[in-house]
$ cat model_16.cif   # mmCIF, C-alpha atoms
data_protein
#
loop_
_atom_site.label_atom_id
_atom_site.label_comp_id
_atom_site.auth_asym_id
_atom_site.auth_seq_id
_atom_site.Cartn_x
_atom_site.Cartn_y
_atom_site.Cartn_z
CA MET O 1 -31.94 195.34 45.36
CA GLN O 2 -35.03 196.29 47.36
CA ILE O 3 -36.94 199.37 46.18
CA TYR O 4 -39.55 201.27 48.18
CA VAL O 5 -42.74 202.19 46.31
CA ASP O 6 -45.72 203.70 48.14
CA GLY O 7 -45.36 201.86 51.44
CA ALA O 8 -44.03 198.52 50.23
CA PHE O 9 -40.72 197.03 49.12
CA TYR O 10 -40.18 195.26 45.82
CA SER O 11 -37.33 193.59 44.01
CA GLU O 12 -35.69 195.51 41.18
CA GLU O 13 -37.64 193.34 38.72
CA ASP O 14 -41.00 193.92 40.38
CA ALA O 15 -40.75 197.63 41.29
CA LYS O 16 -43.12 199.46 38.94
CA ILE O 17 -45.12 202.66 38.55
CA SER O 18 -48.05 203.25 36.23
CA VAL O 19 -47.58 204.44 32.66
CA PHE O 20 -50.23 207.03 33.59
CA ASP O 21 -48.04 208.53 36.32
CA HIS O 22 -47.50 212.21 35.51
CA GLY O 23 -43.89 211.94 36.63
CA LEU O 24 -43.37 209.74 33.59
CA LEU O 25 -45.76 211.48 31.23
CA TYR O 26 -44.77 215.07 32.01
CA GLY O 27 -41.75 215.08 34.31
CA ASP O 28 -44.14 216.37 36.99
CA GLY O 29 -42.41 215.59 40.26
CA VAL O 30 -39.39 216.29 42.43
CA PHE O 31 -36.41 214.31 43.67
CA GLU O 32 -33.28 214.31 45.77
CA GLY O 33 -30.00 212.46 45.27
CA ILE O 34 -28.47 211.75 48.67
CA ARG O 35 -25.12 210.26 49.70
CA VAL O 36 -24.41 207.69 52.40
CA TYR O 37 -20.94 207.55 53.94
CA GLY O 38 -20.06 204.74 56.32
CA GLY O 39 -23.66 204.12 57.35
CA ARG O 40 -24.42 207.82 57.80
CA VAL O 41 -26.71 209.88 55.57
CA PHE O 42 -24.93 213.02 54.41
CA GLU O 43 -26.73 216.31 55.18
CA LEU O 44 -30.09 214.62 55.69
CA ASP O 45 -32.09 217.63 56.85
CA PRO O 46 -30.93 220.00 54.08
CA HIS O 47 -31.84 217.37 51.47
CA ILE O 48 -35.29 216.73 52.93
CA ASP O 49 -35.85 220.48 53.36
CA ARG O 50 -35.03 221.02 49.68
CA LEU O 51 -37.35 218.19 48.62
CA TYR O 52 -40.24 219.78 50.51
CA ALA O 53 -39.38 223.24 49.18
CA SER O 54 -39.41 221.91 45.61
CA ALA O 55 -42.73 220.14 46.23
CA GLN O 56 -44.26 223.24 47.81
CA THR O 57 -43.23 225.37 44.84
CA ILE O 58 -45.03 223.13 42.35
CA ALA O 59 -48.04 222.57 44.69
CA LEU O 60 -47.22 218.88 45.10
CA GLU O 61 -48.46 217.35 48.36
CA ILE O 62 -46.16 214.64 49.71
CA PRO O 63 -48.65 211.99 50.90
CA ILE O 64 -46.75 210.81 54.00
CA SER O 65 -45.30 212.68 56.96
CA ARG O 66 -41.73 213.91 57.00
CA SER O 67 -40.77 211.38 59.69
CA ASP O 68 -42.36 208.50 57.75
CA LEU O 69 -40.65 209.61 54.57
CA ILE O 70 -37.27 209.64 56.29
CA GLU O 71 -37.90 206.23 57.86
CA ALA O 72 -38.89 204.80 54.46
CA MET O 73 -35.62 206.09 53.04
CA MET O 74 -33.60 204.74 55.98
CA GLU O 75 -35.23 201.32 55.67
CA THR O 76 -34.46 201.30 51.96
CA ILE O 77 -30.79 201.91 52.78
CA ARG O 78 -30.82 199.20 55.45
CA ARG O 79 -32.30 196.69 53.00
CA ASN O 80 -29.56 197.47 50.46
CA GLU O 81 -26.37 196.83 52.40
CA GLY O 82 -23.43 198.94 51.27
CA ALA O 83 -25.60 201.49 49.44
CA GLU O 84 -23.73 204.74 48.84
CA TYR O 85 -26.33 206.74 46.94
CA VAL O 86 -30.08 207.24 47.40
CA ARG O 87 -32.61 208.54 44.91
CA LEU O 88 -35.77 209.76 46.67
CA VAL O 89 -38.58 210.64 44.27
CA VAL O 90 -42.07 212.10 44.62
CA THR O 91 -44.19 212.25 41.46
CA ARG O 92 -47.57 213.86 40.87
CA GLY O 93 -49.02 210.36 40.73
CA VAL O 94 -51.42 208.53 38.47
CA GLY O 95 -53.75 210.65 36.35
CA ASP O 96 -55.06 210.64 32.80
CA LEU O 97 -53.44 211.69 29.53
CA GLY O 98 -54.36 215.31 30.17
CA LEU O 99 -51.99 217.79 31.74
CA ASN O 100 -54.21 218.85 34.65
CA PRO O 101 -52.48 217.90 37.95
CA LYS O 102 -55.85 217.95 39.70
CA LYS O 103 -56.59 214.68 37.90
CA CYS O 104 -53.86 213.03 40.02
CA PRO O 105 -55.48 212.29 43.41
CA LYS O 106 -52.37 211.03 45.20
CA ALA O 107 -48.63 211.47 44.71
CA THR O 108 -46.32 208.49 44.18
CA VAL O 109 -43.27 208.07 46.43
CA PHE O 110 -40.39 205.75 45.66
CA CYS O 111 -36.84 205.33 46.86
CA ILE O 112 -33.83 203.55 45.35
CA ALA O 113 -30.57 202.89 47.22
CA GLY O 114 -27.50 201.62 45.40
CA GLY O 115 -24.22 202.84 43.96
CA ILE O 116 -23.26 205.58 41.51
CA THR O 117 -20.08 206.50 39.66
CA LEU O 118 -20.17 209.54 37.39
CA TYR O 119 -16.49 209.89 36.51
CA PRO O 120 -13.45 207.58 36.50
CA ALA O 121 -11.14 207.79 39.52
CA GLU O 122 -8.21 209.06 37.41
CA VAL O 123 -10.19 212.16 36.46
CA TYR O 124 -10.15 213.25 40.10
CA GLU O 125 -6.39 212.83 40.22
CA LYS O 126 -5.51 214.47 36.89
CA GLY O 127 -8.36 216.96 36.82
CA PHE O 128 -11.52 217.54 34.79
CA LYS O 129 -11.63 218.98 31.30
CA VAL O 130 -14.66 221.18 30.69
CA ARG O 131 -16.16 222.92 27.67
CA THR O 132 -18.70 225.71 27.38
CA LEU O 133 -22.06 224.49 26.10
CA ALA O 134 -24.06 225.93 23.22
CA THR O 135 -27.23 225.01 25.11
CA ARG O 136 -28.13 227.77 27.55
CA ARG O 137 -29.41 227.33 31.09
CA ASN O 138 -33.16 227.60 31.62
CA GLU O 139 -34.20 231.11 32.55
CA PRO O 140 -35.42 231.09 36.18
CA GLN O 141 -38.37 233.27 35.15
CA ALA O 142 -39.53 230.48 32.80
CA LEU O 143 -38.65 227.33 34.74
CA ASN O 144 -36.73 227.90 37.93
CA PRO O 145 -33.92 225.35 38.30
CA ALA O 146 -34.14 225.86 42.07
CA VAL O 147 -36.97 223.34 41.84
CA LYS O 148 -35.21 219.98 41.63
CA SER O 149 -37.80 218.54 39.30
CA LEU O 150 -37.96 215.32 37.31
CA ASN O 151 -37.68 217.32 34.10
CA TYR O 152 -33.93 217.44 33.49
CA LEU O 153 -34.14 217.86 29.74
CA ASN O 154 -32.13 221.11 29.86
CA ASN O 155 -29.32 219.19 31.55
CA VAL O 156 -29.67 216.25 29.18
CA MET O 157 -29.40 218.53 26.14
CA GLY O 158 -26.20 219.96 27.57
CA ALA O 159 -24.81 216.48 28.27
CA LEU O 160 -25.57 215.43 24.69
CA GLU O 161 -23.07 218.02 23.48
CA LEU O 162 -20.31 216.10 25.24
CA ARG O 163 -20.76 212.93 23.19
CA ASP O 164 -17.62 211.81 21.34
CA THR O 165 -15.50 214.51 22.97
CA ASP O 166 -12.52 214.22 25.29
CA VAL O 167 -14.01 216.50 27.96
CA ASN O 168 -15.62 215.39 31.20
CA GLU O 169 -18.21 218.09 31.83
CA GLY O 170 -20.01 221.00 30.21
CA LEU O 171 -20.50 224.53 31.53
CA PHE O 172 -23.84 226.27 31.07
CA LEU O 173 -24.06 229.97 30.44
CA THR O 174 -27.26 231.96 30.84
CA THR O 175 -28.88 233.59 27.82
CA SER O 176 -27.14 236.80 28.95
CA GLY O 177 -23.74 235.12 28.90
CA TYR O 178 -23.16 234.67 32.63
CA VAL O 179 -21.55 231.51 33.93
CA CYS O 180 -24.12 229.31 35.66
CA GLU O 181 -23.30 225.67 36.43
CA CYS O 182 -22.30 222.36 34.87
CA THR O 183 -24.70 219.74 33.50
CA ALA O 184 -24.85 217.91 36.84
CA ASP O 185 -22.69 219.95 39.20
CA ASN O 186 -22.12 223.38 40.70
CA PHE O 187 -19.12 225.42 39.56
CA PHE O 188 -16.46 227.24 41.61
CA MET O 189 -13.42 229.42 40.84
CA VAL O 190 -10.50 230.49 43.02
CA LYS O 191 -8.53 233.70 42.72
CA GLY O 192 -6.16 234.56 45.54
CA ARG O 193 -8.04 233.89 48.78
CA ARG O 194 -11.40 234.42 47.09
CA LEU O 195 -13.77 231.55 46.34
CA MET O 196 -16.35 232.47 43.70
CA THR O 197 -19.48 230.62 42.62
CA PRO O 198 -22.40 231.75 40.42
CA ASN O 199 -25.34 233.33 42.19
CA PRO O 200 -28.44 231.07 42.37
CA ALA O 201 -30.44 233.95 40.86
CA LEU O 202 -28.82 233.00 37.54
CA GLY O 203 -30.34 229.50 37.65
CA ALA O 204 -27.58 227.65 39.49
CA LEU O 205 -28.95 225.04 41.87
CA GLY O 206 -28.42 225.77 45.54
CA GLY O 207 -26.49 222.52 45.89
CA ILE O 208 -26.10 220.73 49.22
CA THR O 209 -22.45 219.87 48.56
CA ARG O 210 -22.00 223.43 47.31
CA ALA O 211 -23.18 224.78 50.67
CA VAL O 212 -20.86 222.47 52.61
CA VAL O 213 -17.87 223.51 50.49
CA MET O 214 -18.66 227.19 51.00
CA LYS O 215 -18.74 226.60 54.76
CA LEU O 216 -15.46 224.69 54.68
CA ALA O 217 -13.79 227.40 52.59
CA ALA O 218 -14.94 230.08 55.01
CA GLY O 219 -13.39 228.01 57.78
CA MET O 220 -10.10 228.17 55.83
CA GLY O 221 -10.25 231.95 56.03
CA MET O 222 -11.31 232.41 52.42
CA GLU O 223 -13.65 235.13 51.20
CA VAL O 224 -16.65 233.34 49.72
CA GLU O 225 -18.90 235.11 47.24
CA GLU O 226 -21.86 234.34 45.01
CA GLY O 227 -21.59 236.58 41.98
CA PHE O 228 -22.18 237.22 38.30
CA TYR O 229 -19.23 236.03 36.22
CA THR O 230 -18.38 235.76 32.55
CA LEU O 231 -16.00 233.49 30.65
CA PHE O 232 -13.34 236.18 31.05
CA ASP O 233 -13.40 235.46 34.79
CA VAL O 234 -13.34 231.71 34.18
CA TYR O 235 -10.38 231.77 31.80
CA ASN O 236 -8.39 233.88 34.24
CA ALA O 237 -9.15 231.89 37.38
CA GLU O 238 -6.22 230.43 39.29
CA GLU O 239 -8.14 227.28 40.17
CA ALA O 240 -11.57 225.82 39.49
CA PHE O 241 -13.59 222.86 40.63
CA LEU O 242 -17.08 221.39 40.53
CA THR O 243 -19.27 220.01 43.29
CA GLY O 244 -22.26 217.70 43.45
CA THR O 245 -23.83 214.97 45.54
CA ALA O 246 -22.69 212.20 43.21
CA ALA O 247 -19.53 213.94 41.93
CA GLU O 248 -18.45 215.21 45.37
CA VAL O 249 -15.59 217.70 44.66
CA GLY O 250 -13.75 217.48 41.34
CA PRO O 251 -10.77 219.65 40.32
CA ILE O 252 -10.99 221.40 36.94
CA VAL O 253 -7.73 221.88 35.03
CA GLU O 254 -8.95 222.93 31.56
CA ILE O 255 -11.88 224.89 30.14
CA ASP O 256 -12.36 225.40 26.39
CA ARG O 257 -8.80 224.17 25.71
CA ARG O 258 -7.43 226.79 28.08
CA PRO O 259 -5.47 225.60 31.13
CA ILE O 260 -6.80 226.82 34.45
CA GLY O 261 -3.91 228.12 36.55
CA THR O 262 -0.97 225.76 36.13
CA GLY O 263 -3.10 223.10 34.43
CA VAL O 264 -3.03 220.75 37.43
CA PRO O 265 -5.31 220.54 40.49
CA GLY O 266 -4.41 223.53 42.68
CA PRO O 267 -3.48 223.56 46.38
CA ILE O 268 -6.68 225.24 47.58
CA THR O 269 -8.81 222.78 45.62
CA ARG O 270 -6.86 219.85 47.06
CA GLU O 271 -7.29 221.20 50.59
CA ILE O 272 -11.02 221.64 50.08
CA ILE O 273 -11.25 218.06 48.75
CA ALA O 274 -9.42 216.73 51.80
CA ARG O 275 -11.57 218.75 54.19
CA PHE O 276 -14.73 217.65 52.41
CA HIS O 277 -13.89 213.96 52.69
CA GLU O 278 -13.07 214.38 56.38
CA TYR O 279 -16.36 216.21 56.93
CA ALA O 280 -18.37 213.62 54.99
CA GLU O 281 -16.84 210.68 56.84
CA ASN O 282 -17.36 212.18 60.31
CA THR O 283 -20.80 213.75 60.13
CA GLY O 284 -24.24 212.64 59.02
CA THR O 285 -27.31 210.89 60.40
CA PRO O 286 -26.78 207.21 61.33
CA VAL O 287 -28.94 204.83 59.33
CA ASN O 288 -29.24 202.45 62.27
CA ALA O 289 -29.83 205.02 65.01
#

$ encode --input "model_16.cif" --output "structure tokens"
Amino acid sequence: MQIYVDGAFYSEEDAKISVFDHGLLYGDGVFEGIRVYGGRVFELDPHIDRLYASAQTIALEIPISRSDLIEAMMETIRRNEGAEYVRLVVTRGVGDLGLNPKKCPKATVFCIAGGITLYPAEVYEKGFKVRTLATRRNEPQALNPAVKSLNYLNNVMGALELRDTDVNEGLFLTTSGYVCECTADNFFMVKGRRLMTPNPALGALGGITRAVVMKLAAGMGMEVEEGFYTLFDVYNAEEAFLTGTAAEVGPIVEIDRRPIGTGVPGPITREIIARFHEYAENTGTPVNA
């Protein structure tokens, strides 16, 4: 594996950042997880746009141009033949043990390209089991999850609740009890010809795969809405599924020991999955353009 770090490539064994990097010390930085399908980068511009928006929000200056950043990522993919997943990271950079970001004169940029598998293949066939988490989603007024930052402790705390359970994912609620998102994925429900997903104002990430699925559903003639939903709405949904860059689209068949719909992946979910795979395999930015 060849890993890009600040303008050079290193082996997996030799790729290093400083222990004084504020990305490590404080989670001060931003990242994107990006998919590659058949030598094409999936939704490249939306991912890079979101990276820059996250950096802008936390006043983090990316130290290379957008075109150079993209080329560094593309070269990383080229050097790691068969890579399906990219992690592009920008940290605040090296500073001291104090919190002040002004003590970090230059951001650190690194890129990893490899593989990723979040869930076993049979889960996609049989459907995901989900449980509501006791941990609540960060309040956007305190730490806005729209910033895809290196500090994922809220998500990690939710994932810890799933240890030694027979469920595949957890569902965050807000402190007001509204449904938000899963530990690593966006959440969708289907009722009739209506596709429902939590409003980003609640703290749900404006996911890239989420946006593609919403576009595909609209193309199926479905009414697509971003709303404020409770567990009552979830338990009475006819279908449900999750979306994410690494997870893609996963059907949900059970939440809190309650079957969703008939308890098997529903027809609308299956159609969306098929349309998503077709879209992913036939669009994207060529790595070797």

$ resolve_selection --input "model_16.cif" --expression "the PyMOL selection byres ((chain O and resi 76-80) around 9)" --output "PDB file with C-alpha atoms, in the coordinates of the input"
ATOM      1  CA  MET O   1     -31.940 195.340  45.360  1.00  0.00           C
ATOM      2  CA  GLN O   2     -35.030 196.290  47.360  1.00  0.00           C
ATOM      3  CA  ILE O   3     -36.940 199.370  46.180  1.00  0.00           C
ATOM      4  CA  TYR O   4     -39.550 201.270  48.180  1.00  0.00           C
ATOM      5  CA  PHE O   9     -40.720 197.030  49.120  1.00  0.00           C
ATOM      6  CA  VAL O  36     -24.410 207.690  52.400  1.00  0.00           C
ATOM      7  CA  GLY O  39     -23.660 204.120  57.350  1.00  0.00           C
ATOM      8  CA  GLU O  71     -37.900 206.230  57.860  1.00  0.00           C
ATOM      9  CA  ALA O  72     -38.890 204.800  54.460  1.00  0.00           C
ATOM     10  CA  MET O  73     -35.620 206.090  53.040  1.00  0.00           C
ATOM     11  CA  MET O  74     -33.600 204.740  55.980  1.00  0.00           C
ATOM     12  CA  GLU O  75     -35.230 201.320  55.670  1.00  0.00           C
ATOM     13  CA  GLU O  81     -26.370 196.830  52.400  1.00  0.00           C
ATOM     14  CA  GLY O  82     -23.430 198.940  51.270  1.00  0.00           C
ATOM     15  CA  ALA O  83     -25.600 201.490  49.440  1.00  0.00           C
ATOM     16  CA  GLU O  84     -23.730 204.740  48.840  1.00  0.00           C
ATOM     17  CA  TYR O  85     -26.330 206.740  46.940  1.00  0.00           C
ATOM     18  CA  VAL O  86     -30.080 207.240  47.400  1.00  0.00           C
ATOM     19  CA  CYS O 111     -36.840 205.330  46.860  1.00  0.00           C
ATOM     20  CA  ILE O 112     -33.830 203.550  45.350  1.00  0.00           C
ATOM     21  CA  ALA O 113     -30.570 202.890  47.220  1.00  0.00           C
ATOM     22  CA  GLY O 114     -27.500 201.620  45.400  1.00  0.00           C
ATOM     23  CA  VAL O 287     -28.940 204.830  59.330  1.00  0.00           C
ATOM     24  CA  ASN O 288     -29.240 202.450  62.270  1.00  0.00           C
TER      25      ASN O 288
END

$ resolve_selection --input "model_16.cif" --expression "the PyMOL selection byres ((chain O and resi 26-32) around 6)" --output "short mmCIF file (atom, residue, chain, number, x, y, z; two decimals) with C-alpha atoms, keeping the file's coordinate frame"
data_model
loop_
_atom_site.label_atom_id
_atom_site.label_comp_id
_atom_site.auth_asym_id
_atom_site.auth_seq_id
_atom_site.Cartn_x
_atom_site.Cartn_y
_atom_site.Cartn_z
CA HIS O 22 -47.50 212.21 35.51
CA GLY O 23 -43.89 211.94 36.63
CA LEU O 24 -43.37 209.74 33.59
CA LEU O 25 -45.76 211.48 31.23
CA GLY O 33 -30.00 212.46 45.27
CA ARG O 87 -32.61 208.54 44.91
CA LEU O 88 -35.77 209.76 46.67
CA VAL O 89 -38.58 210.64 44.27
CA VAL O 90 -42.07 212.10 44.62
CA THR O 91 -44.19 212.25 41.46
CA ARG O 92 -47.57 213.86 40.87
CA LYS O 148 -35.21 219.98 41.63
CA SER O 149 -37.80 218.54 39.30
CA LEU O 150 -37.96 215.32 37.31
CA ASN O 151 -37.68 217.32 34.10
#

$ residues_around --input "model_16.cif" --residues "Lys129 of chain O" --least-positions-apart "4" --cutoff "9 Å" --atoms "all atoms listed in the file" --output "JSON, numbers by chain"
{"O": [123, 166, 167, 168, 169, 170, 252, 253, 254, 255, 256, 257]}

$ write_last_selection --input "model_16.cif" --atoms "C-alpha atoms" --output "compact mmCIF listing (two decimals), in the frame of the given file"
# COMPACT_ATOMS: atom_id res chain seq x y z
CA VAL O 123 -10.19 212.16 36.46
CA ASP O 166 -12.52 214.22 25.29
CA VAL O 167 -14.01 216.50 27.96
CA ASN O 168 -15.62 215.39 31.20
CA GLU O 169 -18.21 218.09 31.83
CA GLY O 170 -20.01 221.00 30.21
CA ILE O 252 -10.99 221.40 36.94
CA VAL O 253 -7.73 221.88 35.03
CA GLU O 254 -8.95 222.93 31.56
CA ILE O 255 -11.88 224.89 30.14
CA ASP O 256 -12.36 225.40 26.39
CA ARG O 257 -8.80 224.17 25.71

$ atom_distance --input "model_16.cif" --atom1 "atom CA of Phe276 of chain O" --atom2 "atom CA of Ala237 of chain O"
21.4 Å

$ closest_residue --input "model_16.cif" --among "O:Val19, O:Ala246, O:Ile273, O:Ala240" --to "Tyr37 of chain O" --atoms "all atoms listed in the file"
O:Ala246

$ residues_around --input "model_16.cif" --residues "segment 215-231 of chain O" --least-positions-apart "2" --cutoff "7 Å" --atoms "all atoms listed in the file" --output "PDB file with C-alpha atoms, keeping the file's coordinate frame"
ATOM      1  CA  GLY O 177     -23.740 235.120  28.900  1.00  0.00           C
ATOM      2  CA  TYR O 178     -23.160 234.670  32.630  1.00  0.00           C
ATOM      3  CA  VAL O 179     -21.550 231.510  33.930  1.00  0.00           C
ATOM      4  CA  ARG O 193      -8.040 233.890  48.780  1.00  0.00           C
ATOM      5  CA  ARG O 194     -11.400 234.420  47.090  1.00  0.00           C
ATOM      6  CA  LEU O 195     -13.770 231.550  46.340  1.00  0.00           C
ATOM      7  CA  MET O 196     -16.350 232.470  43.700  1.00  0.00           C
ATOM      8  CA  THR O 197     -19.480 230.620  42.620  1.00  0.00           C
ATOM      9  CA  PRO O 198     -22.400 231.750  40.420  1.00  0.00           C
ATOM     10  CA  ASN O 199     -25.340 233.330  42.190  1.00  0.00           C
ATOM     11  CA  ALA O 211     -23.180 224.780  50.670  1.00  0.00           C
ATOM     12  CA  VAL O 212     -20.860 222.470  52.610  1.00  0.00           C
ATOM     13  CA  VAL O 213     -17.870 223.510  50.490  1.00  0.00           C
ATOM     14  CA  ASP O 233     -13.400 235.460  34.790  1.00  0.00           C
ATOM     15  CA  VAL O 234     -13.340 231.710  34.180  1.00  0.00           C
ATOM     16  CA  TYR O 235     -10.380 231.770  31.800  1.00  0.00           C
ATOM     17  CA  ILE O 272     -11.020 221.640  50.080  1.00  0.00           C
TER      18      ILE O 272
END

$ resolve_selection --input "model_16.cif" --expression "the PyMOL selection byres ((chain O and resi 238) around 8)" --output "PyMOL selection string"
chain O and resi 189-192+236-237+239-240+260-262+266

$ closest_residue --input "model_16.cif" --among "O:Leu51, O:Leu202, O:Ala121, O:Cys104" --to "Gln141 of chain O" --atoms "only C-alpha atoms"
O:Leu202

$ atom_distance --input "model_16.cif" --atom1 "atom CA of Thr175 of chain O" --atom2 "atom CA of Thr135 of chain O"
9.1 Å

$ residues_around --input "model_16.cif" --residues "Leu60 of chain O" --least-positions-apart "2" --cutoff "8 Å" --atoms "only C-alpha atoms" --output "MDAnalysis selection string"
chainID O and resid 29 55:58 62 92 107

$ write_last_selection --input "model_16.cif" --atoms "C-alpha atoms" --output "PDB file, in the frame of the given file"
ATOM      1  CA  GLY O  29     -42.410 215.590  40.260  1.00  0.00           C
ATOM      2  CA  ALA O  55     -42.730 220.140  46.230  1.00  0.00           C
ATOM      3  CA  GLN O  56     -44.260 223.240  47.810  1.00  0.00           C
ATOM      4  CA  THR O  57     -43.230 225.370  44.840  1.00  0.00           C
ATOM      5  CA  ILE O  58     -45.030 223.130  42.350  1.00  0.00           C
ATOM      6  CA  ILE O  62     -46.160 214.640  49.710  1.00  0.00           C
ATOM      7  CA  ARG O  92     -47.570 213.860  40.870  1.00  0.00           C
ATOM      8  CA  ALA O 107     -48.630 211.470  44.710  1.00  0.00           C
TER       9      ALA O 107
END

$ closest_residue --input "model_16.cif" --among "O:Thr283, O:Ser65, O:Thr269, O:Thr165" --to "Glu125 of chain O" --atoms "all atoms listed in the file"
O:Thr269

$ atom_distance --input "model_16.cif" --atom1 "atom CA of Ala8 of chain O" --atom2 "atom CA of Leu69 of chain O"
12.4 Å

$ closest_residue --input "model_16.cif" --among "O:Phe20, O:Asp14, O:Glu248, O:Gly115" --to "Gly95 of chain O" --atoms "all atoms listed in the file"
O:Phe20

$ build_atoms --input "model_16.cif" --residues "segment 100-116 of chain O" --atoms "N, CA and C atoms" --output "short mmCIF file (atom, residue, chain, number, x, y, z; two decimals), keeping the file's coordinate frame"
data_model
loop_
_atom_site.label_atom_id
_atom_site.label_comp_id
_atom_site.auth_asym_id
_atom_site.auth_seq_id
_atom_site.Cartn_x
_atom_site.Cartn_y
_atom_site.Cartn_z
N ASN O 100 -53.69 218.28 33.41
CA ASN O 100 -54.21 218.85 34.65
C ASN O 100 -53.75 218.04 35.87
N PRO O 101 -52.94 218.64 36.76
CA PRO O 101 -52.48 217.90 37.95
C PRO O 101 -53.60 217.56 38.92
N LYS O 102 -54.73 218.26 38.82
CA LYS O 102 -55.85 217.95 39.70
C LYS O 102 -56.43 216.56 39.42
N LYS O 103 -56.11 216.02 38.25
CA LYS O 103 -56.59 214.68 37.90
C LYS O 103 -55.74 213.58 38.57
N CYS O 104 -54.73 213.98 39.32
CA CYS O 104 -53.86 213.03 40.02
C CYS O 104 -54.19 213.09 41.51
N PRO O 105 -55.00 212.17 42.02
CA PRO O 105 -55.48 212.29 43.41
C PRO O 105 -54.42 212.07 44.47
N LYS O 106 -53.36 211.32 44.17
CA LYS O 106 -52.37 211.03 45.20
C LYS O 106 -50.98 210.90 44.57
N ALA O 107 -50.00 211.53 45.20
CA ALA O 107 -48.63 211.47 44.71
C ALA O 107 -48.05 210.07 44.91
N THR O 108 -47.07 209.74 44.08
CA THR O 108 -46.32 208.49 44.18
C THR O 108 -44.98 208.78 44.83
N VAL O 109 -44.57 207.93 45.76
CA VAL O 109 -43.27 208.07 46.43
C VAL O 109 -42.48 206.79 46.21
N PHE O 110 -41.25 206.93 45.72
CA PHE O 110 -40.39 205.75 45.66
C PHE O 110 -38.96 206.12 45.99
N CYS O 111 -38.21 205.10 46.40
CA CYS O 111 -36.84 205.33 46.86
C CYS O 111 -35.95 204.17 46.41
N ILE O 112 -34.81 204.52 45.82
CA ILE O 112 -33.83 203.55 45.35
C ILE O 112 -32.52 203.81 46.08
N ALA O 113 -31.87 202.76 46.55
CA ALA O 113 -30.57 202.89 47.22
C ALA O 113 -29.59 201.92 46.58
N GLY O 114 -28.48 202.46 46.08
CA GLY O 114 -27.50 201.62 45.40
C GLY O 114 -26.16 202.34 45.31
N GLY O 115 -25.50 202.19 44.19
CA GLY O 115 -24.22 202.84 43.96
C GLY O 115 -24.30 203.79 42.77
N ILE O 116 -23.31 204.67 42.66
CA ILE O 116 -23.26 205.58 41.51
C ILE O 116 -21.82 206.01 41.30
#
